[in-house]
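Structure file upload-v9.tsv (TSV, C-alpha atoms) follows.
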chain	number	residue	atom	x	y	z
A	10	MET	CA	62.07	-95.31	-4.67
A	11	LYS	CA	60.43	-96.38	-1.42
A	12	TYR	CA	57.20	-94.55	-2.19
A	13	LEU	CA	57.34	-94.73	-6.00
A	14	LEU	CA	54.35	-97.06	-6.40
A	15	THR	CA	52.25	-95.00	-4.03
A	16	LEU	CA	53.14	-91.76	-5.80
A	17	VAL	CA	52.35	-93.19	-9.23
A	18	ILE	CA	48.95	-94.67	-8.41
A	19	ALA	CA	47.88	-91.70	-6.28
A	20	THR	CA	48.90	-89.14	-8.91
A	21	MET	CA	47.10	-91.09	-11.62
A	22	ALA	CA	44.06	-91.40	-9.40
A	23	GLY	CA	43.91	-87.62	-8.98
A	24	PHE	CA	44.40	-87.12	-12.71
A	25	LEU	CA	41.70	-89.63	-13.65
A	26	ALA	CA	39.34	-88.13	-11.07
A	27	ARG	CA	39.76	-84.73	-12.74
A	28	LEU	CA	39.15	-86.35	-16.13
A	29	TYR	CA	35.98	-87.96	-14.73
A	30	MET	CA	34.74	-84.56	-13.54
A	31	LEU	CA	35.53	-82.85	-16.85
A	32	ARG	CA	32.49	-82.66	-19.09
A	33	ARG	CA	31.57	-80.62	-22.12
A	34	ASP	CA	27.83	-80.13	-22.44
A	35	TYR	CA	25.38	-77.66	-23.98
A	36	ARG	CA	27.29	-74.81	-22.34
A	37	GLN	CA	30.19	-75.54	-24.75
A	38	TYR	CA	32.79	-74.94	-22.06
A	39	PRO	CA	35.57	-75.87	-21.58
A	40	SER	CA	36.51	-75.94	-25.24
A	41	TYR	CA	38.01	-79.04	-26.78
A	42	PRO	CA	40.92	-79.79	-26.93
A	43	GLN	CA	42.65	-76.63	-25.65
A	44	GLY	CA	40.44	-76.20	-22.59
A	45	TRP	CA	40.72	-79.88	-21.75
A	46	ALA	CA	44.51	-79.75	-21.94
A	47	ILE	CA	44.62	-76.91	-19.43
A	48	HIS	CA	42.28	-78.51	-16.93
A	49	LEU	CA	43.79	-81.98	-17.23
A	50	PHE	CA	47.26	-80.57	-16.60
A	51	LEU	CA	45.98	-78.79	-13.50
A	52	GLY	CA	44.34	-82.06	-12.45
A	53	PHE	CA	47.68	-83.84	-12.82
A	54	ILE	CA	49.37	-81.18	-10.67
A	55	GLY	CA	46.62	-81.51	-8.07
A	56	GLY	CA	46.99	-85.29	-8.08
A	57	ALA	CA	50.75	-85.00	-7.59
A	58	ILE	CA	50.29	-82.63	-4.66
A	59	GLY	CA	47.84	-84.96	-2.95
A	60	ALA	CA	50.09	-87.97	-3.62
A	61	PHE	CA	53.21	-86.37	-2.11
A	62	ILE	CA	51.58	-85.23	1.14
A	63	VAL	CA	51.42	-88.68	2.79
A	64	PRO	CA	55.06	-89.68	2.05
A	65	ALA	CA	56.22	-86.23	3.21
A	66	VAL	CA	54.37	-86.66	6.52
A	67	LEU	CA	55.70	-90.21	6.99
A	68	GLU	CA	59.24	-88.96	6.45
A	69	GLY	CA	58.70	-86.10	8.88
A	70	ASP	CA	59.44	-83.50	6.21
A	71	TYR	CA	56.89	-80.97	7.38
A	72	SER	CA	58.51	-78.16	5.41
A	73	ALA	CA	57.62	-80.09	2.26
A	74	VAL	CA	54.03	-80.46	3.49
A	75	SER	CA	53.83	-76.70	4.01
A	76	PHE	CA	55.20	-76.11	0.53
A	77	LEU	CA	52.66	-78.50	-1.01
A	78	LEU	CA	49.79	-76.84	0.80
A	79	LEU	CA	51.05	-73.46	-0.38
A	80	ALA	CA	51.14	-74.76	-3.94
A	81	ALA	CA	47.58	-76.05	-3.58
A	82	SER	CA	46.42	-72.62	-2.45
A	83	GLN	CA	47.49	-71.25	-5.84
A	84	PHE	CA	44.56	-73.06	-7.41
A	85	ARG	CA	42.45	-70.10	-6.36
A	86	GLU	CA	43.97	-68.36	-9.38
A	87	VAL	CA	42.08	-70.86	-11.51
A	88	ARG	CA	38.88	-69.10	-10.53
A	89	ASN	CA	40.25	-65.75	-11.68
A	90	VAL	CA	41.39	-67.20	-15.01
A	91	GLU	CA	38.03	-68.85	-15.66
A	92	ARG	CA	36.17	-65.69	-14.68
A	93	GLU	CA	38.24	-63.59	-17.05
A	94	THR	CA	37.89	-66.11	-19.88
A	95	LEU	CA	34.12	-66.40	-19.58
A	96	SER	CA	33.73	-62.65	-19.17
A	97	SER	CA	35.67	-62.03	-22.38
A	98	MET	CA	33.49	-64.61	-24.17
A	99	GLU	CA	30.30	-62.94	-22.92
A	100	ALA	CA	30.28	-60.44	-25.77
A	101	THR	CA	29.91	-63.30	-28.28
A	102	GLU	CA	26.80	-64.77	-26.62
A	103	MET	CA	23.38	-64.13	-28.15
A	104	VAL	CA	21.88	-64.47	-24.67
A	105	LYS	CA	24.28	-63.45	-21.90
A	106	ARG	CA	25.18	-65.77	-19.06
A	107	GLY	CA	25.35	-63.00	-16.49
A	108	THR	CA	27.99	-62.37	-13.82
A	109	ALA	CA	26.38	-64.69	-11.27
A	110	TYR	CA	26.49	-67.66	-13.66
A	111	ILE	CA	30.09	-66.90	-14.63
A	112	GLU	CA	31.15	-66.75	-10.99
A	113	GLY	CA	29.43	-70.07	-10.31
A	114	ILE	CA	31.24	-71.79	-13.19
A	115	ALA	CA	34.58	-70.34	-12.05
A	116	ARG	CA	34.02	-71.67	-8.52
A	117	VAL	CA	33.24	-75.13	-9.85
A	118	PHE	CA	36.47	-75.34	-11.84
A	119	GLU	CA	38.49	-74.23	-8.84
A	120	ALA	CA	36.77	-76.72	-6.53
A	121	ARG	CA	37.33	-79.66	-8.90
A	122	ASN	CA	41.09	-79.25	-8.62
A	123	TYR	CA	40.79	-79.51	-4.84
A	124	LEU	CA	38.69	-82.67	-5.29
A	125	ALA	CA	41.52	-84.17	-7.36
A	126	ILE	CA	43.86	-83.48	-4.43
A	127	TRP	CA	41.46	-85.18	-2.01
A	128	VAL	CA	41.21	-88.28	-4.20
A	129	ALA	CA	44.99	-88.52	-4.60
A	130	LEU	CA	45.49	-87.99	-0.88
A	131	ALA	CA	43.00	-90.77	-0.03
A	132	VAL	CA	44.61	-93.20	-2.47
A	133	SER	CA	48.10	-92.37	-1.18
A	134	ALA	CA	47.04	-92.88	2.44
A	135	THR	CA	45.31	-96.16	1.61
A	136	ALA	CA	48.28	-97.50	-0.34
A	137	GLU	CA	50.74	-96.71	2.47
A	138	SER	CA	48.49	-98.13	5.18
A	139	LEU	CA	48.14	-101.42	3.27
A	140	VAL	CA	51.80	-102.02	2.41
A	141	ALA	CA	51.57	-105.50	3.94
A	142	LEU	CA	49.15	-106.56	1.18
A	143	GLY	CA	51.78	-106.16	-1.51
A	144	TRP	CA	50.37	-105.60	-4.98
A	145	TRP	CA	46.83	-106.11	-3.70
A	146	ARG	CA	47.00	-102.62	-2.24
A	147	VAL	CA	46.94	-101.21	-5.78
A	148	GLY	CA	43.50	-102.67	-6.39
A	149	VAL	CA	42.17	-101.60	-2.99
A	150	SER	CA	43.57	-98.09	-3.38
A	151	THR	CA	42.09	-97.79	-6.86
A	152	LEU	CA	38.69	-98.85	-5.56
A	153	VAL	CA	38.90	-96.29	-2.75
A	154	GLY	CA	39.80	-93.56	-5.24
A	155	ALA	CA	36.96	-94.47	-7.60
A	156	LEU	CA	34.36	-94.56	-4.83
A	157	LEU	CA	35.58	-91.27	-3.37
A	158	ALA	CA	35.55	-89.55	-6.78
A	159	MET	CA	31.96	-90.67	-7.43
A	160	ALA	CA	30.88	-89.62	-3.94
A	161	LEU	CA	32.50	-86.18	-4.27
A	162	VAL	CA	30.90	-85.59	-7.68
A	163	LYS	CA	27.53	-86.55	-6.22
A	164	LEU	CA	27.98	-84.18	-3.28
A	165	MET	CA	29.02	-81.38	-5.64
A	166	GLN	CA	25.80	-81.58	-7.60
A	167	GLY	CA	23.44	-78.78	-6.66
A	168	ASP	CA	19.71	-78.44	-7.13
A	169	LEU	CA	17.94	-77.90	-10.41
A	170	ILE	CA	14.95	-75.65	-11.03
A	171	CYS	CA	12.70	-78.73	-10.93
A	172	ASP	CA	13.82	-79.36	-7.34
A	173	ILE	CA	12.61	-76.00	-6.07
A	174	ALA	CA	9.77	-75.09	-8.42
A	175	THR	CA	7.07	-76.42	-10.72
A	176	VAL	CA	7.10	-75.46	-14.38
A	177	GLU	CA	3.99	-75.28	-16.56
A	178	LEU	CA	3.11	-73.88	-19.96
A	179	SER	CA	1.21	-70.62	-20.27
A	180	ASP	CA	-0.56	-68.76	-23.06
A	181	ILE	CA	0.78	-65.60	-24.67
A	182	ARG	CA	-1.69	-62.79	-25.26
A	183	PHE	CA	-1.33	-59.26	-26.52
A	184	ASP	CA	-2.96	-56.11	-25.23
A	185	GLY	CA	-2.12	-53.80	-28.05
A	186	ALA	CA	1.67	-54.04	-28.29
A	187	LEU	CA	2.11	-55.48	-24.77
A	188	ALA	CA	2.98	-59.20	-24.54
A	189	ILE	CA	1.35	-60.63	-21.41
A	190	ILE	CA	1.73	-63.98	-19.63
A	191	GLY	CA	-0.91	-64.55	-16.98
A	192	ASP	CA	-1.18	-61.17	-15.24
A	193	THR	CA	2.43	-60.17	-15.94
A	194	VAL	CA	3.37	-57.73	-18.68
A	195	MET	CA	6.52	-59.10	-20.28
A	196	MET	CA	7.53	-56.56	-22.91
A	197	ASN	CA	6.40	-54.10	-25.53
A	198	VAL	CA	6.50	-55.64	-29.00
A	199	GLY	CA	6.07	-52.64	-31.23
A	200	LEU	CA	6.32	-54.10	-34.73
A	201	PRO	CA	3.28	-56.01	-36.06
A	202	GLU	CA	5.65	-58.43	-37.81
A	203	SER	CA	7.33	-59.25	-34.50
A	204	ARG	CA	3.98	-59.79	-32.77
A	205	LYS	CA	3.04	-62.20	-35.53
A	206	VAL	CA	6.24	-64.17	-34.90
A	207	TYR	CA	5.37	-64.45	-31.20
A	208	GLU	CA	1.83	-65.56	-32.03
A	209	GLU	CA	3.04	-68.23	-34.44
A	210	ARG	CA	6.28	-69.43	-32.85
A	211	GLY	CA	6.41	-67.99	-29.33
A	212	ILE	CA	6.23	-70.12	-26.22
A	213	ALA	CA	5.85	-69.24	-22.54
A	214	ALA	CA	6.00	-70.89	-19.13
A	215	ILE	CA	5.39	-70.04	-15.49
A	216	VAL	CA	7.88	-71.19	-12.85
A	217	ARG	CA	6.13	-71.45	-9.47
A	218	PRO	CA	8.34	-71.75	-6.34
A	219	LYS	CA	7.60	-74.63	-3.96
A	220	GLY	CA	8.19	-72.60	-0.79
A	221	PRO	CA	9.50	-69.36	0.71
A	222	ASN	CA	13.14	-70.42	0.32
A	223	ALA	CA	12.58	-71.23	-3.35
A	224	LYS	CA	10.70	-67.96	-3.80
A	225	ALA	CA	13.67	-66.00	-2.46
A	226	THR	CA	16.11	-67.97	-4.63
A	227	LEU	CA	14.15	-67.39	-7.83
A	228	ALA	CA	14.06	-63.66	-7.07
A	229	ASN	CA	17.79	-63.45	-7.74
A	230	LEU	CA	18.53	-61.58	-10.98
A	231	GLY	CA	21.47	-63.87	-11.74
A	232	GLN	CA	19.21	-66.92	-11.49
A	233	MET	CA	16.69	-65.34	-13.84
A	234	GLN	CA	19.42	-64.58	-16.37
A	235	ALA	CA	20.75	-68.14	-16.05
A	236	ILE	CA	17.31	-69.50	-16.97
A	237	ALA	CA	17.17	-67.34	-20.10
A	238	HIS	CA	20.70	-68.31	-21.14
A	239	ASP	CA	20.46	-72.04	-20.49
A	240	VAL	CA	17.08	-72.48	-22.14
A	241	SER	CA	18.25	-70.66	-25.26
A	242	SER	CA	21.44	-72.78	-25.26
A	243	MET	CA	19.54	-76.05	-24.98
A	244	ILE	CA	16.70	-75.55	-27.46
A	245	GLY	CA	17.98	-72.63	-29.54
A	246	VAL	CA	16.57	-69.16	-30.03
A	247	TYR	CA	14.92	-67.59	-33.07
A	248	MET	CA	16.81	-64.33	-33.42
A	249	ASP	CA	19.70	-62.58	-35.09
A	250	VAL	CA	22.14	-59.98	-33.86
A	251	GLY	CA	20.38	-56.77	-32.93
A	252	GLU	CA	16.87	-58.24	-32.76
A	253	GLN	CA	16.16	-57.13	-29.22
A	254	GLU	CA	12.47	-58.02	-29.39
A	255	PHE	CA	13.32	-61.74	-29.64
A	256	ILE	CA	15.71	-61.96	-26.70
A	257	PRO	CA	14.33	-64.51	-24.18
A	258	MET	CA	12.61	-62.67	-21.35
A	259	VAL	CA	12.25	-63.72	-17.70
A	260	ARG	CA	10.15	-61.55	-15.41
A	261	ARG	CA	8.96	-61.98	-11.86
A	262	ASN	CA	5.46	-61.65	-10.48
A	263	PRO	CA	6.14	-59.92	-7.13
A	264	SER	CA	2.79	-60.85	-5.61
A	265	VAL	CA	3.39	-64.62	-5.70
A	266	GLY	CA	7.10	-64.84	-6.53
A	267	SER	CA	6.64	-66.85	-9.73
A	268	LEU	CA	8.81	-66.37	-12.81
A	269	HIS	CA	7.38	-65.93	-16.29
A	270	VAL	CA	9.52	-67.08	-19.21
A	271	LEU	CA	8.87	-65.87	-22.75
A	272	MET	CA	10.90	-66.75	-25.83
A	273	VAL	CA	10.79	-67.65	-29.50
A	274	PRO	CA	12.69	-70.96	-29.86
A	275	SER	CA	14.33	-72.08	-33.06
A	276	GLU	CA	11.99	-75.09	-33.04
A	277	ARG	CA	8.71	-74.94	-31.14
A	278	ASP	CA	8.67	-78.04	-28.93
A	279	GLU	CA	6.70	-77.59	-25.71
A	280	GLU	CA	8.09	-80.65	-23.93
A	281	ALA	CA	11.68	-79.73	-24.77
A	282	PHE	CA	11.03	-76.18	-23.58
A	283	LEU	CA	9.69	-77.35	-20.21
A	284	ALA	CA	12.49	-79.90	-19.81
A	285	ALA	CA	15.09	-77.22	-20.52
A	286	ILE	CA	13.73	-74.93	-17.80
A	287	ARG	CA	13.54	-77.78	-15.30
A	288	ARG	CA	17.17	-78.73	-15.97
A	289	VAL	CA	18.60	-75.25	-15.35
A	290	PRO	CA	20.94	-75.42	-12.31
A	291	VAL	CA	20.20	-73.38	-9.22
A	292	LEU	CA	23.16	-71.03	-8.87
A	293	GLU	CA	25.13	-71.36	-5.66
A	294	GLY	CA	25.25	-67.59	-5.26
A	295	ALA	CA	21.48	-67.30	-5.75
A	296	VAL	CA	20.43	-69.68	-2.97
A	297	ARG	CA	18.52	-67.94	-0.19
A	298	LYS	CA	17.03	-69.55	2.93
A	299	PRO	CA	14.97	-66.96	4.78
A	300	LEU	CA	13.20	-69.67	6.80
A	301	THR	CA	16.43	-70.30	8.73
A	302	SER	CA	16.07	-66.85	10.34
A	303	VAL	CA	13.65	-65.81	13.07
A	304	ALA	CA	12.30	-62.95	10.97
A	305	GLY	CA	11.79	-65.23	7.98
A	306	LYS	CA	9.79	-67.71	10.04
A	307	MET	CA	7.64	-64.88	11.38
A	308	VAL	CA	6.85	-63.67	7.86
A	309	ASP	CA	6.09	-67.21	6.68
For the file at hand, write its structure as structure tokens.
Amino acid sequence: MKYLLTLVIATMAGFLARLYMLRRDYRQYPSYPQGWAIHLFLGFIGGAIGAFIVPAVLEGDYSAVSFLLLAASQFREVRNVERETLSSMEATEMVKRGTAYIEGIARVFEARNYLAIWVALAVSATAESLVALGWWRVGVSTLVGALLAMALVKLMQGDLICDIATVELSDIRFDGALAIIGDTVMMNVGLPESRKVYEERGIAAIVRPKGPNAKATLANLGQMQAIAHDVSSMIGVYMDVGEQEFIPMVRRNPSVGSLHVLMVPSERDEEAFLAAIRRVPVLEGAVRKPLTSVAGKMVD
């Protein structure tokens, strides 16, 4: 009973931190309520682990600390579960996420459980270090947990396409059956009816990297697939199953490193289309920084 108050507020802090990090957006994952139940339970377990570490150390029960750390290491299985779940859902997607995007999402869900442990650990340590304040330590500990959760979420946020590249509209032209954006041939649209759809409803953009590092990042195939998937998820895509000619297309101009995006949205809104591309996250696994190497600086 000596540490009951500390354990309660620290565990709840970890749980609430996981709830704060849990969002369902245009990606429609995790599902509601089943997916939320799974992740909130894991957040509660993570909060309990972080809460028990400080009392275990204060009591000198280092075997318990080792056990808790071992239990925390099992959260790596969360990544495998998320990867398998998203991979099995991939067959139902009109526009595929791609393996790189799936791996990135799985890493995020694993990392958020560790963040819940960190928040609970910080709250537990604060509460025990301020025992002399009595009940006031609850308020101080809660404030520490809230500030830490917000700071960790901020630090976890990666770049968006708008941070590494400029996005501008481009015209679509046809050379016979070839759809062309700028100087880049996008695809062969064989049917006249399909070409008419592109002429009436199609929309295109050019994504220009802001530097050599951005150029190398945009060259990643997973990042290109993520752009196609996210844009179609945000503004919709005009296609049905089996209509390969209407699948959103992203191709790279190797001479300048720019990406060319071509699609037929469900509703043709140029501003929404540009905003969707700019809001696509830069995948962690796609980030490249050639300028940090000697050879990269020489080429630049």
List the neighbours of Val176 (chain A) out to 8 Å using all atoms listed in the file; skip same-chain residues closer than 2 positions along the sequence, and give me the result as JSON, numbers by chain.
{"A": [171, 174, 178, 214, 215, 216, 217, 283, 286, 287]}
Which one of A:Trp127, A:Trp144, A:Phe53, A:Trp45 sits closest to Leu157 (chain A) if you count only C-alpha atoms?
A:Trp127
Just checking: using all atoms listed in the file, which residue out of A:Asn122, A:Thr175, A:Thr15, A:Ser82 ends up closest to Leu51 (chain A)?
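That would be A:Asn122, the residue with the smallest distance to Leu51 (chain A).
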Extract, using all atoms listed in the file, all DNA, RNA and protein residues at most 12 Å from region 19-23 of chain A, discarding same-chain residues fewer than 3 positions from it, and format them as a PyMOL selection string.
chain A and resi 12-16+26-30+49-64+121-137+146-158
Each region 148-235 of chain A residue no farther than 10 Å from region 248-270 of chain A, nearest pair in Å, all atoms listed in the file, as a Markdown table:
| residue | atom | partner | partner_atom | distance |
| --- | --- | --- | --- | --- |
| A:Ala174 | CA | A:Ser267 | CA | 8.9 |
| A:Thr175 | CA | A:Ser267 | CA | 9.6 |
| A:Val176 | CA | A:Leu268 | CA | 9.4 |
| A:Glu177 | CA | A:His269 | CA | 9.9 |
| A:Leu178 | CA | A:Val270 | CA | 9.4 |
| A:Ser179 | CA | A:His269 | CA | 8.7 |
| A:Ile189 | CA | A:His269 | CA | 9.5 |
| A:Ile190 | CA | A:His269 | CA | 6.8 |
| A:Gly191 | CA | A:His269 | CA | 8.4 |
| A:Asp192 | CA | A:Asn262 | CA | 8.2 |
| A:Thr193 | CA | A:Asn262 | CA | 6.4 |
| A:Val194 | CA | A:Arg260 | CA | 8.4 |
| A:Met195 | CA | A:Arg260 | CA | 6.5 |
| A:Met196 | CA | A:Met258 | CA | 8.1 |
| A:Asn197 | CA | A:Glu254 | CA | 8.2 |
| A:Val198 | CA | A:Glu254 | CA | 6.4 |
| A:Gly199 | CA | A:Glu254 | CA | 8.6 |
| A:Leu200 | CA | A:Glu254 | CA | 9.0 |
| A:Ser203 | CA | A:Glu254 | CA | 7.4 |
| A:Arg204 | CA | A:Glu254 | CA | 9.3 |
| A:Val206 | CA | A:Phe255 | CA | 9.1 |
| A:Tyr207 | CA | A:Phe255 | CA | 8.5 |
| A:Gly211 | CA | A:Phe255 | CA | 9.3 |
| A:Ile212 | CA | A:Val270 | CA | 8.3 |
| A:Ala213 | CA | A:Val270 | CA | 5.4 |
| A:Ala214 | CA | A:Val270 | CA | 5.2 |
| A:Ile215 | CA | A:His269 | CA | 4.6 |
| A:Val216 | CA | A:Leu268 | CA | 4.9 |
| A:Arg217 | CA | A:Ser267 | CA | 4.6 |
| A:Pro218 | CA | A:Ser267 | CA | 6.2 |
| A:Lys219 | CA | A:Ser267 | CA | 9.7 |
| A:Gly220 | CA | A:Gly266 | CA | 9.7 |
| A:Pro221 | CA | A:Gly266 | CA | 8.9 |
| A:Ala223 | CA | A:Gly266 | CA | 9.0 |
| A:Lys224 | CA | A:Gly266 | CA | 5.5 |
| A:Ala225 | CA | A:Gly266 | CA | 7.8 |
| A:Thr226 | CA | A:Gly266 | CA | 9.7 |
| A:Leu227 | CA | A:Leu268 | CA | 7.4 |
| A:Ala228 | CA | A:Gly266 | CA | 7.1 |
| A:Asn229 | CA | A:Arg261 | CA | 9.9 |
| A:Leu230 | CA | A:Val259 | CA | 9.4 |
| A:Gln232 | CA | A:Val259 | CA | 9.9 |
| A:Met233 | CA | A:Val259 | CA | 6.1 |
| A:Gln234 | CA | A:Val259 | CA | 7.3 |
| A:Ala235 | CA | A:Val259 | CA | 9.7 |
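Among the candidates A:Asp168, A:Glu119, A:Glu112, A:Glu276, the residue lying nearest to Gly231 (chain A) is A:Glu112 (atoms considered: all atoms listed in the file).
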Between A:Val90, A:Ala186, A:Ile18, A:Ile181, which one has atoms that come closest to Gly44 (chain A), using only C-alpha atoms?
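Result for the nearest residue to Gly44 (chain A): A:Val90.
Between CA of Glu279 (chain A) and CA of Val246 (chain A) there is a distance of 13.7 Å.
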Residue nearest Thr94 (chain A) - candidates A:Glu209, A:Ala115, A:Asp184, A:Tyr110, atoms counted: all atoms listed in the file
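Closest to Thr94 (chain A) of all the choices is A:Ala115.
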Do you have the CA of Arg288 (chain A)-CA of Arg182 (chain A) distance handy?
26.4 Å
Extract, using all atoms listed in the file, all DNA, RNA and protein residues at most 8 Å from Arg210 (chain A), discarding same-chain residues fewer than 6 positions from it, and format them as a ChimeraX atom specification.
/A:273-274,277
For CA of Asp239 (chain A) and CA of Arg106 (chain A), the interatomic separation in Å (one decimal):
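Answer for the CA of Asp239 (chain A) to CA of Arg106 (chain A) separation: 8.0 Å.
Residues in contact with Ser96 (chain A) at 8 Å, where all atoms listed in the file are counted and same-chain residues fewer than 4 positions away are skipped, are listed as Arg92, Ala100, Thr108 and Ile111 of chain A.
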Return region 100-112 of chain A, completed with N, CA and C atoms, as an mmCIF file, in the frame of the given file.
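What ended up in rebuild-v9.cif:
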data_model
loop_
_atom_site.group_PDB
_atom_site.id
_atom_site.type_symbol
_atom_site.label_atom_id
_atom_site.label_comp_id
_atom_site.auth_asym_id
_atom_site.auth_seq_id
_atom_site.Cartn_x
_atom_site.Cartn_y
_atom_site.Cartn_z
ATOM 1 N N ALA A 100 30.693 -61.320 -24.673
ATOM 2 C CA ALA A 100 30.280 -60.440 -25.770
ATOM 3 C C ALA A 100 29.856 -61.228 -27.005
ATOM 4 N N THR A 101 30.248 -62.493 -27.106
ATOM 5 C CA THR A 101 29.910 -63.300 -28.280
ATOM 6 C C THR A 101 28.608 -64.079 -28.087
ATOM 7 N N GLU A 102 28.005 -64.008 -26.912
ATOM 8 C CA GLU A 102 26.800 -64.770 -26.620
ATOM 9 C C GLU A 102 25.556 -64.013 -27.086
ATOM 10 N N MET A 103 24.660 -64.726 -27.780
ATOM 11 C CA MET A 103 23.380 -64.130 -28.150
ATOM 12 C C MET A 103 22.587 -63.763 -26.898
ATOM 13 N N VAL A 104 22.551 -64.693 -25.949
ATOM 14 C CA VAL A 104 21.880 -64.470 -24.670
ATOM 15 C C VAL A 104 22.938 -64.571 -23.590
ATOM 16 N N LYS A 105 23.179 -63.516 -22.861
ATOM 17 C CA LYS A 105 24.280 -63.450 -21.900
ATOM 18 C C LYS A 105 24.090 -64.437 -20.748
ATOM 19 N N ARG A 106 25.221 -64.929 -20.242
ATOM 20 C CA ARG A 106 25.180 -65.770 -19.060
ATOM 21 C C ARG A 106 24.850 -64.958 -17.816
ATOM 22 N N GLY A 107 25.485 -63.808 -17.695
ATOM 23 C CA GLY A 107 25.350 -63.000 -16.490
ATOM 24 C C GLY A 107 26.511 -63.249 -15.545
ATOM 25 N N THR A 108 26.838 -62.266 -14.721
ATOM 26 C CA THR A 108 27.990 -62.370 -13.820
ATOM 27 C C THR A 108 27.821 -63.454 -12.769
ATOM 28 N N ALA A 109 26.596 -63.671 -12.294
ATOM 29 C CA ALA A 109 26.380 -64.690 -11.270
ATOM 30 C C ALA A 109 26.673 -66.091 -11.818
ATOM 31 N N TYR A 110 26.249 -66.351 -13.036
ATOM 32 C CA TYR A 110 26.490 -67.660 -13.660
ATOM 33 C C TYR A 110 27.980 -67.855 -13.899
ATOM 34 N N ILE A 111 28.648 -66.825 -14.379
ATOM 35 C CA ILE A 111 30.090 -66.900 -14.630
ATOM 36 C C ILE A 111 30.846 -67.191 -13.345
ATOM 37 N N GLU A 112 30.475 -66.518 -12.273
ATOM 38 C CA GLU A 112 31.150 -66.750 -10.990
ATOM 39 C C GLU A 112 30.917 -68.172 -10.507
#
